[in-house]
Structure formats: C-alpha cells, structure tokens
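Q: For reference, the structure I am asking about is given below.
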Amino acid sequence: MAVESRAETERQHPVSPVAADVRLDRVTKNFDDVTAVDDVSLEIERGSFFALLGPSGCGKTTTLRMIGGFEEPNAGTIYLGEEPVTGKPPYKRDVNTVFQSYALFPHLSIFENVGFGLRRRGVRGADVRGRVTEILRLVGLSGMEKRKPRQLSGGQQQRVALARALVNRPRVLLLDEPLGALDLKLRKQMQLEMKAIQHDIGITFVHVTHDQEEAMTMADRIAIMNGGRIEQLGTPGELYEHPQTAFVAGFLGISNLLPGTVSAMDAVRLDDGTTVKVPQEALRGRSGRVAVGVRPEKIRLGHGEENRLSGHLLETAYVGVATQYVLDTRAGNISVYVQNSEPGAQQAVTGEISWSPDSTFVVDSMEGAEAE
Amino acid sequence: MLDSAAAGLPFREARLRLSTIFWRRPWLKALALLALPLAAFVFVYLGALVALFVSAFWQINDFTAKVEHVWTLDNFNTLIHDSVYRRIALRTIGLASAVTLTDAVLAFPLAYFMARIAGGKTRALLFVLVLMPLWSSYLVRIYAWRTILAHDGALNWSLNKIGLPNVGLLYTNWGMWIVFSYIWLPFMILPVYAALERIPQSYLEASQDLGGRGWRTLRSVILPLVLPGLVAGSIFTFSLTLGDFITPLLVGGPSSSFIGNVVEEQVGQPNVPFAAAFATVPVIVMGFYLLIARRLGAFEAI
Ligand SMILES: Nc1ncnc2c1ncn2[C@@H]1O[C@H](COP(=O)(O)OP(=O)(O)O)[C@@H](O)[C@H]1O
Ligand SMILES: [Mg+2]
C-alpha cells in the first residue's frame, strides 16, 4: 500500500524536488598517467543550479564532459534521471552544453545556430521560428537573427550559446566556465541574468567555474573539487560557515586556521595553551591534532565573546567596507575584519579579540599536508 | 671605439627618421614591401595577358603568313562556329571538371584522416607520401603511367593475374582522366587538409551535442567550413588541367586534343592571333568559375 501510494504521488508530481537529474556513481577518468577524476560520486537535484568549483586542473571540465558524453569514464556509471547513459554518444543524451569557447558555427546565422538543435529533433518551419524567436527574446537578442556570430560582441555570443542550448529544453544544461571570456562588469551582470533565467525555466544547470565568488553568487549547491576528488558538497552558506577541510576553508574566502589538539567533546586546546570552545558537531568525532578555524569578520575586538585571544597589532589595512587588522598572537597570526560603519572601528586596537563558539569550525590538521 | 660610436650616430638617426616615416604612413611601408613583386606582376604577367588578349583580335595574312594589325572578330567566329574547336574546348573543360570532382572526392577522406584522426607519426608519413610525387619530374610521372596503362603494362598484367581481361586505357580520354587525377591530387589534398585542420574540435562536439550525428555534422558543419579549401584545391586542379597539353600528347588518343594542343600547333603554324584567341577561352572559363565559387559563398565561410 505505502509503496503504491508513493508511486501515485510521484506520477502526479513528476517534478518532485528530491529527484536526482544527474547521478555520478564512483566515476573515474584517467588520461594516460593522469587521474583527472578520481572515484567521484554525486547527485544533482532536479531543477537546481549546481556548481563544480575548484582550481584549474582539478577535473571540473572532465567531469562535465563525461556527463555530456564527450569523454567516457574508465570506471563508474553516469545516470541522467534513472537512465544510465555511460557509453551513449552525446546526441543520444538529453543534455546540452554551453562550451567555454561558445563554439558557435561561424558559417551559420544566429537564427540557424539557435535552430540547429531543433532541426535535428525534427522540429520544422514555423515551430522553429517561434521557439528561436522566443528564446532570443529571453536572452535579450531579439532582432539579431540574421547576423553571423563574428558580428556580435563577446557577451552577445555568450547569450547565443546559452540560447542555442536552452532552446532544446534539455533535462540538464552543462556550462563550462561560460563567463570566463567576459570582462568583470559583464560577468557580474551575466551571473545574475543566468541565475534569473535558470529560475524562470527550471532546467537543471551544472556550472563549472574556478571563481568562488561566481559559484557562491549563482549556485544553490556547490561541489568543491580538488585533485580529481570532491572535497565537500553543500550550499554556499554551509560551505562557507562550516568548511570541513583546510582546502575548502582556504578556497572560499579568507579564514584563520590555528593548530591545536582536541581536549574535550567541544573544546580544542591551541598550541599556546588557550582552550577554545567549538560546536560539538564541528568536531565530528575527531581527536588528536586538528586546526580550528574562524572567519575574520566573525571576530570582535575586545573580550566580549567566549573564545578569547590576545596579541599585538601587526598591520592595519583599509579595505573599503571594512578595516583589516592582523594580530600576532601566540596561537598564530589572526586577521580580523571590522565593519567601518561600526562604532569604534577606528579606535586603537588593544590586542584583545574574541569570537563565539558557534562561529568556530574545525578542519583536519594541516601539518601532514605541509610536510608533503 | 669612441670614433666608431660617433660615426654610428648619424646612421642611427637616419634609421630612426626612416622608421618614423614608415610608421606614420603605413601605405608607404606596404608599397616598399610590394614594389618589386608588384612591378613584376604588372609588367610581366598582366602585360603578357593584355598582349595576348589584344593579339586575339588581329589576323594572319594567308599569303605572307604575317600578322596584320587589323581589328577583327574572325578568330572568335571560327572558334564558336567550327565544331572541331568547340568539341576540343568542351573536352578540355569537361575533363578538367571530371578531374576536379574526382580529386575532391579522393582528397577529402584522406585529408580528413590526416587532419583529424591520424597521430603525429602517421600524419608525417602520409604527408611525405602525398608530397613525394611532387619531388619527381612531371614527365617522369606521366611516362610511369604510360608503362602502367600500356597494353602489356602493369595494369593489364595485374588484371590478367586475377583472371580479368585486358583494358585499353592508354591513348584514351579515360587514361587522361586517370593520369590527370593522379598528378593534381596533392594540390587538392593540401588545401583541404589545411581547412580541415583549422576546424576546432568544439564545433564538432557542439554539433553532436545538439543532436547532429556523423553524417549531419559532416554536411552541416564540416563541409561548409571546408568549402574554401575545396575551392582553393579545385582552382589548382581545374586550371592545371585546363592549361595542360603534355598529358593529352603522351596519354591521350588521336581524338584527345586539348585547347593547349591547338594553341601549340597554331603558334607553330604560325597563326599567333588564332592561338591567342583560343588561349583566352581557359582564362574566361576560370573567370566564370571563380565568380560561381564566390556566389556559392566559398570565400566568406570563415
Ligand atoms: N584530453 C586530455 N588528455 C590528457 N590529459 C587531460 C585531458 N583532458 C584533461 N586532462 C588532464 O586532466 C586534468 C583535469 O583537467 P580538467 O578537467 O580540464 O581540469 P579543470 O577543468 O578543472 O581545469 C588535468 O591535469 C589535465 O591536464
Ligand atoms: Mg576547465
């Protein structure tokens, strides 16, 4: 009974929010002696904006190309919805790609570029015209139908590439650093526009980028990759507030990491002897050597919060909205951001700082990594 | 030491001034670079063409066999109305077209393999094989084909070995077709290869991504982008065949004369005006050919 009724609801709501549109099951890809993607498993929720974030060469593009069908994994399986697609050519997969170089066909007009996929699916005549016109309006390129790609600016070409993929209404849209070739201002604008478009049409976006700000701005969920593996997967907030590895903590913004030893269920003793309180769940059963982290903007001047350190001021830097202080404490150097609008921001710094246990995270000790 | 440095100074100044002049007037630089080849082109090539074209409107005095500088269209009249010349012109153009088509069909798959499939070593080897014939003399290659096509040649010997009857290809238009196609093939392969190599892999991936299977990708993406290469190659194969007179002489039969053979014969008569008139035919045909190619968009694809 229960099983039946669940099947019933699923039929009534085919776009169930928990269904995975893309699933990678222990996928590995080797190029000669390089392991580009190393035993990666992940699920991408239907209708979500998903970002693969990581430094250059960490295997983002390779992961994306395996989903698109341009590379075959050496091991593991890729599912689109329920269907395993490993071994299927790109034209048999219900995904479309926005290529990093756009790859617009130079000999075809904008109209024919965008209509290319529709024609391959047997859409004809007025239907092609209608859908191409509609999607070009969506990306703000009405009236450009007759132009050739080389007659458009970089930003416009980027929109055509987006339109050419979206017009086919694929199950999943793959984007490989789609904004990489644009200047900063246009990139910021396109980030918001693409997020709005994704929100409007509800297609799953898988977005590859090495720009942490871009990923944080656009994505619902982010997988942070490093050396062919996924270091951590979560919402931008989770990743920022509760990084689980030193790599993630360092890749997303600035963080202070202080080495220490676990001394209780919810405390770590720093190397200078100070004990700091941490949330129990942040320790997650760790023991021995760890590093305690806290974001610079979570630290207060003065000893108002529970975790306290003292040191002397090394540097002061004015960074617009905030002022950055660097303090030398016996536990290590610590950066503090103080909002310039806050009272006392310009006051002399006594060398006393404190922060709340809730703002504290714990990552594995970096000492092993440094020794490498 | 000091002296030579001081002596170098005026030179240096003059050079700086010269380079400033060139920098301010880019056309001057272009002119300086092009002056010599341009002069050669204008006087030697265009001059010869004009002289040829002008002399086509003169005629020969039948008794003195001297060229008379009287304007007349007689030569062209003969060309158009005498069926012998018409047939020769059509044969030349027809064979040039057939050779061009054959070479295009042969060159494309080979060039595709070289440009997009073969690894570095195979590609280098194929390049050598494609270019090697060009290192030997044109005549040597034609004589080689004569021995292949001859009645007791390599071709018939091989055919007999597998139980097939003799074929008599030497001294026929078929023989010419084979030899021409062979000789000009490298001139088609190279530009087609260059065009294929320039197509980014991402275009082919984009086509597949949008649902284009192999054949569709070939027709809608690869071929349009290779068209300039094919046209460039066809200009070689077409015009080289159009202007040839040695292969018809050595491989063609009694009724295999080309425009070039008539021109050579008329120059020897000597009836230079008529030879000139006939020689303008390939020039005009090539002109039309380029016009059509442009209409097809062959020069704007990239
Ligand atoms: N076609 C290929 N042949 C050989 N090595 C490759 C190929 N593609 C990627 N790699 C290697 O795989 C690793 C991951 O590459 P890639 O997925 O492009 O990284 P990213 O997109 O994160 O910058 C790199 O070390 C890269 O050199
Ligand atoms: Mg990449």
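Naming works like this for the structure tokens: A, B, ... for the chains as they're shown, residue 1 at the start of each chain, ligands 1 onward in shown order.
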Distance cut-off 12 Å, counting only C-alpha atoms - which residues of chain B neighbour chain A? Return them as an mmCIF file with all heavy atoms, in the first residue's frame.
A:
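What follows is the written file part_6.cif:
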```cif
data_model
loop_
_atom_site.group_PDB
_atom_site.id
_atom_site.type_symbol
_atom_site.label_atom_id
_atom_site.label_comp_id
_atom_site.auth_asym_id
_atom_site.auth_seq_id
_atom_site.Cartn_x
_atom_site.Cartn_y
_atom_site.Cartn_z
ATOM 1 N N ILE B 199 39.399 23.543 -38.301
ATOM 2 C CA ILE B 199 38.090 23.461 -37.637
ATOM 3 C C ILE B 199 38.293 23.042 -36.183
ATOM 4 O O ILE B 199 38.827 21.974 -35.919
ATOM 5 C CB ILE B 199 37.180 22.441 -38.338
ATOM 6 C CG1 ILE B 199 36.988 22.823 -39.792
ATOM 7 C CG2 ILE B 199 35.836 22.341 -37.624
ATOM 8 C CD1 ILE B 199 36.149 21.850 -40.575
ATOM 9 N N PRO B 200 37.891 23.871 -35.224
ATOM 10 C CA PRO B 200 38.080 23.481 -33.828
ATOM 11 C C PRO B 200 37.236 22.250 -33.488
ATOM 12 O O PRO B 200 36.115 22.109 -33.966
ATOM 13 C CB PRO B 200 37.558 24.697 -33.049
ATOM 14 C CG PRO B 200 37.453 25.799 -34.029
ATOM 15 C CD PRO B 200 37.260 25.177 -35.367
ATOM 16 N N GLN B 201 37.798 21.396 -32.668
ATOM 17 C CA GLN B 201 37.091 20.191 -32.228
ATOM 18 C C GLN B 201 35.754 20.564 -31.581
ATOM 19 O O GLN B 201 34.772 19.828 -31.690
ATOM 20 C CB GLN B 201 37.983 19.433 -31.238
ATOM 21 C CG GLN B 201 37.395 18.151 -30.689
ATOM 22 C CD GLN B 201 37.234 17.091 -31.765
ATOM 23 O OE1 GLN B 201 37.861 17.169 -32.815
ATOM 24 N NE2 GLN B 201 36.376 16.117 -31.517
ATOM 25 N N SER B 202 35.710 21.741 -30.956
ATOM 26 C CA SER B 202 34.489 22.106 -30.229
ATOM 27 C C SER B 202 33.304 22.302 -31.176
ATOM 28 O O SER B 202 32.161 22.108 -30.771
ATOM 29 C CB SER B 202 34.721 23.372 -29.402
ATOM 30 O OG SER B 202 35.009 24.463 -30.233
ATOM 31 N N TYR B 203 33.545 22.667 -32.436
ATOM 32 C CA TYR B 203 32.429 22.791 -33.393
ATOM 33 C C TYR B 203 31.783 21.425 -33.612
ATOM 34 O O TYR B 203 30.571 21.306 -33.688
ATOM 35 C CB TYR B 203 32.903 23.318 -34.749
ATOM 36 C CG TYR B 203 33.328 24.760 -34.770
ATOM 37 C CD1 TYR B 203 33.286 25.546 -33.632
ATOM 38 C CD2 TYR B 203 33.767 25.346 -35.949
ATOM 39 C CE1 TYR B 203 33.688 26.868 -33.661
ATOM 40 C CE2 TYR B 203 34.166 26.674 -35.992
ATOM 41 C CZ TYR B 203 34.134 27.418 -34.846
ATOM 42 O OH TYR B 203 34.542 28.722 -34.888
ATOM 43 N N LEU B 204 32.617 20.415 -33.738
ATOM 44 C CA LEU B 204 32.082 19.071 -33.985
ATOM 45 C C LEU B 204 31.361 18.575 -32.737
ATOM 46 O O LEU B 204 30.308 17.937 -32.827
ATOM 47 C CB LEU B 204 33.209 18.104 -34.372
ATOM 48 C CG LEU B 204 34.142 18.604 -35.487
ATOM 49 C CD1 LEU B 204 35.080 17.496 -35.933
ATOM 50 C CD2 LEU B 204 33.353 19.109 -36.670
ATOM 51 N N GLU B 205 31.923 18.898 -31.571
ATOM 52 C CA GLU B 205 31.267 18.490 -30.329
ATOM 53 C C GLU B 205 29.942 19.229 -30.168
ATOM 54 O O GLU B 205 28.952 18.643 -29.731
ATOM 55 C CB GLU B 205 32.188 18.745 -29.138
ATOM 56 C CG GLU B 205 33.361 17.782 -29.123
ATOM 57 C CD GLU B 205 34.292 17.999 -27.935
ATOM 58 O OE1 GLU B 205 34.104 18.984 -27.202
ATOM 59 O OE2 GLU B 205 35.199 17.171 -27.756
ATOM 60 N N ALA B 206 29.930 20.515 -30.533
ATOM 61 C CA ALA B 206 28.681 21.284 -30.424
ATOM 62 C C ALA B 206 27.618 20.667 -31.327
ATOM 63 O O ALA B 206 26.457 20.540 -30.937
ATOM 64 C CB ALA B 206 28.925 22.741 -30.806
ATOM 65 N N SER B 207 28.016 20.273 -32.518
ATOM 66 C CA SER B 207 27.048 19.664 -33.434
ATOM 67 C C SER B 207 26.480 18.371 -32.849
ATOM 68 O O SER B 207 25.264 18.151 -32.854
ATOM 69 C CB SER B 207 27.715 19.391 -34.783
ATOM 70 O OG SER B 207 26.840 18.665 -35.604
ATOM 71 N N GLN B 208 27.360 17.534 -32.313
ATOM 72 C CA GLN B 208 26.900 16.286 -31.685
ATOM 73 C C GLN B 208 26.014 16.584 -30.489
ATOM 74 O O GLN B 208 25.001 15.936 -30.271
ATOM 75 C CB GLN B 208 28.088 15.468 -31.183
ATOM 76 C CG GLN B 208 28.884 14.816 -32.274
ATOM 77 C CD GLN B 208 30.026 14.007 -31.686
ATOM 78 O OE1 GLN B 208 30.045 13.695 -30.500
ATOM 79 N NE2 GLN B 208 30.986 13.662 -32.516
ATOM 80 N N ASP B 209 26.417 17.596 -29.730
ATOM 81 C CA ASP B 209 25.672 17.967 -28.536
ATOM 82 C C ASP B 209 24.249 18.368 -28.888
ATOM 83 O O ASP B 209 23.317 18.127 -28.140
ATOM 84 C CB ASP B 209 26.396 19.135 -27.860
ATOM 85 C CG ASP B 209 25.758 19.538 -26.547
ATOM 86 O OD1 ASP B 209 25.882 18.760 -25.593
ATOM 87 O OD2 ASP B 209 25.126 20.605 -26.485
ATOM 88 N N LEU B 210 24.095 18.992 -30.066
ATOM 89 C CA LEU B 210 22.778 19.471 -30.483
ATOM 90 C C LEU B 210 22.016 18.417 -31.266
ATOM 91 O O LEU B 210 21.002 18.707 -31.886
ATOM 92 C CB LEU B 210 22.935 20.747 -31.309
ATOM 93 C CG LEU B 210 23.494 21.920 -30.511
ATOM 94 C CD1 LEU B 210 23.992 23.021 -31.420
ATOM 95 C CD2 LEU B 210 22.445 22.468 -29.562
ATOM 96 N N GLY B 211 22.544 17.203 -31.294
ATOM 97 C CA GLY B 211 21.799 16.105 -31.913
ATOM 98 C C GLY B 211 22.273 15.734 -33.299
ATOM 99 O O GLY B 211 21.636 14.936 -33.980
ATOM 100 N N GLY B 212 23.395 16.334 -33.762
ATOM 101 C CA GLY B 212 23.890 16.015 -35.088
ATOM 102 C C GLY B 212 24.699 14.729 -35.070
ATOM 103 O O GLY B 212 25.709 14.645 -34.388
ATOM 104 N N ARG B 213 24.233 13.729 -35.816
ATOM 105 C CA ARG B 213 25.024 12.515 -35.940
ATOM 106 C C ARG B 213 26.142 12.767 -36.930
ATOM 107 O O ARG B 213 26.265 13.857 -37.461
ATOM 108 C CB ARG B 213 24.133 11.382 -36.441
ATOM 109 C CG ARG B 213 23.210 10.888 -35.361
ATOM 110 C CD ARG B 213 21.944 10.356 -35.959
ATOM 111 N NE ARG B 213 20.943 10.269 -34.903
ATOM 112 C CZ ARG B 213 20.679 9.140 -34.241
ATOM 113 N NH1 ARG B 213 21.282 8.023 -34.555
ATOM 114 N NH2 ARG B 213 19.809 9.144 -33.273
ATOM 115 N N GLY B 214 26.939 11.722 -37.200
ATOM 116 C CA GLY B 214 28.109 11.872 -38.048
ATOM 117 C C GLY B 214 27.804 12.517 -39.389
ATOM 118 O O GLY B 214 28.417 13.509 -39.769
ATOM 119 N N TRP B 215 26.821 11.968 -40.095
ATOM 120 C CA TRP B 215 26.537 12.429 -41.448
ATOM 121 C C TRP B 215 26.073 13.884 -41.435
ATOM 122 O O TRP B 215 26.482 14.689 -42.262
ATOM 123 C CB TRP B 215 25.486 11.510 -42.074
ATOM 124 C CG TRP B 215 24.965 12.005 -43.371
ATOM 125 C CD1 TRP B 215 23.707 12.427 -43.650
ATOM 126 C CD2 TRP B 215 25.715 12.146 -44.591
ATOM 127 N NE1 TRP B 215 23.615 12.841 -44.945
ATOM 128 C CE2 TRP B 215 24.836 12.673 -45.558
ATOM 129 C CE3 TRP B 215 27.043 11.897 -44.947
ATOM 130 C CZ2 TRP B 215 25.223 12.939 -46.858
ATOM 131 C CZ3 TRP B 215 27.434 12.175 -46.250
ATOM 132 C CH2 TRP B 215 26.539 12.676 -47.192
ATOM 133 N N ARG B 216 25.197 14.214 -40.462
ATOM 134 C CA ARG B 216 24.654 15.559 -40.361
ATOM 135 C C ARG B 216 25.760 16.550 -40.028
ATOM 136 O O ARG B 216 25.846 17.635 -40.590
ATOM 137 C CB ARG B 216 23.547 15.568 -39.292
ATOM 138 C CG ARG B 216 23.010 16.907 -38.940
ATOM 139 C CD ARG B 216 22.620 17.735 -40.128
ATOM 140 N NE ARG B 216 21.541 17.141 -40.906
ATOM 141 C CZ ARG B 216 21.046 17.690 -42.019
ATOM 142 N NH1 ARG B 216 21.562 18.811 -42.487
ATOM 143 N NH2 ARG B 216 20.072 17.095 -42.663
ATOM 144 N N THR B 217 26.646 16.170 -39.100
ATOM 145 C CA THR B 217 27.764 17.034 -38.737
ATOM 146 C C THR B 217 28.649 17.280 -39.958
ATOM 147 O O THR B 217 29.091 18.395 -40.211
ATOM 148 C CB THR B 217 28.576 16.378 -37.607
ATOM 149 O OG1 THR B 217 27.713 16.178 -36.489
ATOM 150 C CG2 THR B 217 29.734 17.248 -37.176
ATOM 151 N N SER B 220 26.495 19.637 -42.399
ATOM 152 C CA SER B 220 26.094 20.973 -41.950
ATOM 153 C C SER B 220 27.226 21.763 -41.316
ATOM 154 O O SER B 220 27.126 22.970 -41.202
ATOM 155 C CB SER B 220 24.957 20.873 -40.920
ATOM 156 O OG SER B 220 23.837 20.282 -41.510
ATOM 157 N N VAL B 221 28.259 21.097 -40.864
ATOM 158 C CA VAL B 221 29.326 21.835 -40.183
ATOM 159 C C VAL B 221 30.660 21.691 -40.926
ATOM 160 O O VAL B 221 31.282 22.676 -41.301
ATOM 161 C CB VAL B 221 29.482 21.368 -38.720
ATOM 162 C CG1 VAL B 221 30.590 22.134 -38.034
ATOM 163 C CG2 VAL B 221 28.168 21.543 -37.967
ATOM 164 N N ILE B 222 31.067 20.434 -41.170
ATOM 165 C CA ILE B 222 32.403 20.248 -41.733
ATOM 166 C C ILE B 222 32.483 20.733 -43.180
ATOM 167 O O ILE B 222 33.338 21.543 -43.526
ATOM 168 C CB ILE B 222 32.826 18.768 -41.631
ATOM 169 C CG1 ILE B 222 32.849 18.343 -40.167
ATOM 170 C CG2 ILE B 222 34.186 18.564 -42.268
ATOM 171 C CD1 ILE B 222 33.171 16.899 -39.956
ATOM 172 N N LEU B 223 31.575 20.257 -44.015
ATOM 173 C CA LEU B 223 31.668 20.617 -45.431
ATOM 174 C C LEU B 223 31.605 22.130 -45.677
ATOM 175 O O LEU B 223 32.441 22.650 -46.411
ATOM 176 C CB LEU B 223 30.599 19.879 -46.249
ATOM 177 C CG LEU B 223 31.003 18.463 -46.670
ATOM 178 C CD1 LEU B 223 29.911 17.816 -47.515
ATOM 179 C CD2 LEU B 223 32.317 18.463 -47.428
ATOM 180 N N PRO B 224 30.661 22.857 -45.060
ATOM 181 C CA PRO B 224 30.654 24.305 -45.307
ATOM 182 C C PRO B 224 31.959 24.974 -44.886
ATOM 183 O O PRO B 224 32.407 25.910 -45.531
ATOM 184 C CB PRO B 224 29.496 24.810 -44.434
ATOM 185 C CG PRO B 224 28.644 23.636 -44.203
ATOM 186 C CD PRO B 224 29.527 22.438 -44.225
ATOM 187 N N LEU B 225 32.580 24.462 -43.823
ATOM 188 C CA LEU B 225 33.811 25.092 -43.352
ATOM 189 C C LEU B 225 35.012 24.667 -44.190
ATOM 190 O O LEU B 225 36.031 25.345 -44.192
ATOM 191 C CB LEU B 225 34.040 24.759 -41.873
ATOM 192 C CG LEU B 225 33.015 25.378 -40.915
ATOM 193 C CD1 LEU B 225 33.238 24.910 -39.496
ATOM 194 C CD2 LEU B 225 33.067 26.893 -40.999
ATOM 195 N N VAL B 226 34.892 23.528 -44.894
ATOM 196 C CA VAL B 226 35.997 23.065 -45.732
ATOM 197 C C VAL B 226 35.862 23.611 -47.145
ATOM 198 O O VAL B 226 36.820 23.590 -47.912
ATOM 199 C CB VAL B 226 36.037 21.519 -45.740
ATOM 200 C CG1 VAL B 226 37.050 20.994 -46.716
ATOM 201 C CG2 VAL B 226 36.370 21.005 -44.357
ATOM 202 N N LEU B 227 34.691 24.155 -47.462
ATOM 203 C CA LEU B 227 34.443 24.615 -48.824
ATOM 204 C C LEU B 227 35.537 25.542 -49.367
ATOM 205 O O LEU B 227 35.991 25.343 -50.500
ATOM 206 C CB LEU B 227 33.072 25.291 -48.903
ATOM 207 C CG LEU B 227 32.558 25.520 -50.329
ATOM 208 C CD1 LEU B 227 32.364 24.187 -51.023
ATOM 209 C CD2 LEU B 227 31.260 26.311 -50.311
ATOM 210 N N PRO B 228 36.014 26.521 -48.571
ATOM 211 C CA PRO B 228 37.089 27.361 -49.113
ATOM 212 C C PRO B 228 38.313 26.538 -49.510
ATOM 213 O O PRO B 228 38.939 26.815 -50.534
ATOM 214 C CB PRO B 228 37.421 28.308 -47.965
ATOM 215 C CG PRO B 228 36.205 28.319 -47.112
ATOM 216 C CD PRO B 228 35.599 26.962 -47.229
ATOM 217 N N GLY B 297 29.484 31.358 -51.956
ATOM 218 C CA GLY B 297 29.935 31.754 -50.625
ATOM 219 C C GLY B 297 31.224 31.069 -50.214
ATOM 220 O O GLY B 297 31.531 30.965 -49.031
ATOM 221 N N ALA B 298 31.986 30.616 -51.212
ATOM 222 C CA ALA B 298 33.187 29.851 -50.883
ATOM 223 C C ALA B 298 34.231 30.705 -50.177
ATOM 224 O O ALA B 298 35.058 30.191 -49.447
ATOM 225 C CB ALA B 298 33.784 29.254 -52.153
ATOM 226 N N PHE B 299 34.189 32.022 -50.390
ATOM 227 C CA PHE B 299 35.256 32.857 -49.828
ATOM 228 C C PHE B 299 34.840 33.568 -48.556
ATOM 229 O O PHE B 299 35.578 34.361 -48.014
ATOM 230 C CB PHE B 299 35.725 33.872 -50.875
ATOM 231 C CG PHE B 299 36.160 33.230 -52.163
ATOM 232 C CD1 PHE B 299 35.506 33.511 -53.352
ATOM 233 C CD2 PHE B 299 37.203 32.329 -52.180
ATOM 234 C CE1 PHE B 299 35.899 32.907 -54.524
ATOM 235 C CE2 PHE B 299 37.599 31.720 -53.352
ATOM 236 C CZ PHE B 299 36.941 32.010 -54.536
ATOM 237 N N GLU B 300 33.629 33.321 -48.081
ATOM 238 C CA GLU B 300 33.189 34.061 -46.906
ATOM 239 C C GLU B 300 32.926 33.157 -45.708
ATOM 240 O O GLU B 300 32.539 33.634 -44.657
ATOM 241 C CB GLU B 300 31.910 34.841 -47.227
ATOM 242 C CG GLU B 300 30.748 33.958 -47.604
ATOM 243 C CD GLU B 300 29.482 34.788 -47.874
ATOM 244 O OE1 GLU B 300 29.469 35.542 -48.867
ATOM 245 O OE2 GLU B 300 28.555 34.678 -47.079
ATOM 246 N N ALA B 301 33.151 31.862 -45.874
ATOM 247 C CA ALA B 301 32.755 30.926 -44.821
ATOM 248 C C ALA B 301 33.519 31.175 -43.532
ATOM 249 O O ALA B 301 33.011 30.927 -42.460
ATOM 250 C CB ALA B 301 32.945 29.487 -45.265
ATOM 251 N N ILE B 302 34.756 31.647 -43.619
ATOM 252 C CA ILE B 302 35.492 31.868 -42.375
ATOM 253 C C ILE B 302 35.927 33.324 -42.287
ATOM 254 O O ILE B 302 36.329 33.897 -43.259
ATOM 255 C CB ILE B 302 36.710 30.925 -42.273
ATOM 256 C CG1 ILE B 302 36.211 29.495 -42.114
ATOM 257 C CG2 ILE B 302 37.559 31.298 -41.073
ATOM 258 C CD1 ILE B 302 37.287 28.472 -42.083
#
```
Q: Check stretch 82-262 of chain B with DSSP on the backbone and list each residue it calls alpha helix (DSSP H), as a PyMOL selection string.
A: chain B and resi 83-112+120-135+138-149+154-161+173-198+201-209+214-217+223-242+246-250+259-262
Q: Within 10 Å of ligand 1, counting only C-alpha atoms and all ligand atoms: which residues, as a ChimeraX atom specification?
A: /A:29-37,52-66,71,176-177,208-210,225-228
Q: Skipping near chain neighbours, those fewer than 4 positions away, what residues fall within 7 Å of stretch 242-256 of chain A using only C-alpha atoms, listed as a PyMOL selection string?
A: chain A and resi 212+238+293-296+334-335+361-364+366
Q: Name all residues at most 12 Å from B:Asp62 (count only C-alpha atoms; drop same-chain ones fewer than 4 positions away) and give them as a list in words.
A: Lys66, Val67, Glu68, Gln269, Pro270 and Asn271 of chain B
Q: Using only C-alpha atoms and all ligand atoms for the distances, tell me which of A:Asp38, A:Glu305, A:Glu72, A:Asp211 is nearest to ligand 2.
A: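 That would be A:Asp211, the residue with the smallest distance to ligand 2.
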Q: Would you return as an NGL selection string the members of stretch 148-328 of chain A that DSSP assigns to strand (DSSP E or B) on this structure's backbone?
A: :A and (172-176 or 204-209 or 221-226 or 229-234 or 256-264 or 267-270 or 275-277 or 289-294 or 300-301 or 307-319 or 322-328)
Q: Using only C-alpha atoms, which residues sit within 10 Å of B:Tyr138 once same-chain residues fewer than 6 positions away are excluded, as number ranges by chain?
A: B: 144, 183, 246-247
Q: Mind dumping the selected residues with N, CA, C and O atoms as a JSON list (two decimals), in the first residue's frame?
A:
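Once everything was written out, this is part37.json:
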```
[["chain", "number", "residue", "atom", "x", "y", "z"],
["B", 144, "ALA", "N", 55.70, 7.06, -66.34],
["B", 144, "ALA", "CA", 55.42, 5.94, -65.44],
["B", 144, "ALA", "C", 54.00, 5.44, -65.67],
["B", 144, "ALA", "O", 53.75, 4.22, -65.75],
["B", 183, "ILE", "N", 48.00, 13.16, -61.02],
["B", 183, "ILE", "CA", 49.05, 14.19, -60.97],
["B", 183, "ILE", "C", 48.64, 15.39, -60.12],
["B", 183, "ILE", "O", 49.44, 15.94, -59.38],
["B", 246, "ILE", "N", 50.64, 18.40, -72.40],
["B", 246, "ILE", "CA", 51.60, 17.30, -72.48],
["B", 246, "ILE", "C", 50.92, 15.96, -72.24],
["B", 246, "ILE", "O", 51.14, 14.99, -72.97],
["B", 247, "THR", "N", 50.06, 15.90, -71.23],
["B", 247, "THR", "CA", 49.35, 14.65, -70.97],
["B", 247, "THR", "C", 48.49, 14.23, -72.18],
["B", 247, "THR", "O", 48.53, 13.07, -72.58]]
```
Q: Using only C-alpha atoms, pick whichever of A:Leu42, A:Leu166, A:Val160, A:Met194 has the shortest atom-to-atom distance to A:Ala20.
A: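 Distance minimum relative to A:Ala20 lands on A:Leu42.
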Q: Work out how far atom CA of A:Val123 is from atom CA of A:Asp21, in Å to one decimal.
A: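 A separation of 24.8 Å between them.
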Q: Point out the residue among A:Arg137, A:Arg308, A:His207, A:Arg300 with the least atom-to-atom distance to ligand 2, counting only C-alpha atoms and all ligand atoms.
A: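 Of A:Arg137, A:Arg308, A:His207, A:Arg300, the one nearest ligand 2 is A:His207, counting only C-alpha atoms and all ligand atoms.
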Q: Please list as a CSV table (one decimal) with C-alpha atoms, in the first residue's frame every residue within 8 Å of A:Asp271, counting only C-alpha atoms and excluding residues in the same chain fewer than 6 positions away.
A:
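Okay, this is what ended up in part.csv:
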```csv
chain,number,residue,atom,x,y,z
A,259,PRO,CA,46.6,24.4,15.1
A,260,GLY,CA,45.7,22.6,18.3
A,261,THR,CA,44.7,19.4,20.0
A,331,ALA,CA,48.5,30.8,18.8
```
Q: Got a sec: who's within 12 Å of B:Gly153, counting only C-alpha atoms, leaving out chain neighbours fewer than 2 positions off, as JSON, numbers by chain?
A: {"B": [143, 144, 145, 146, 147, 148, 149, 150, 151, 155, 156, 157, 158, 159, 160, 166, 167, 168, 169, 170]}
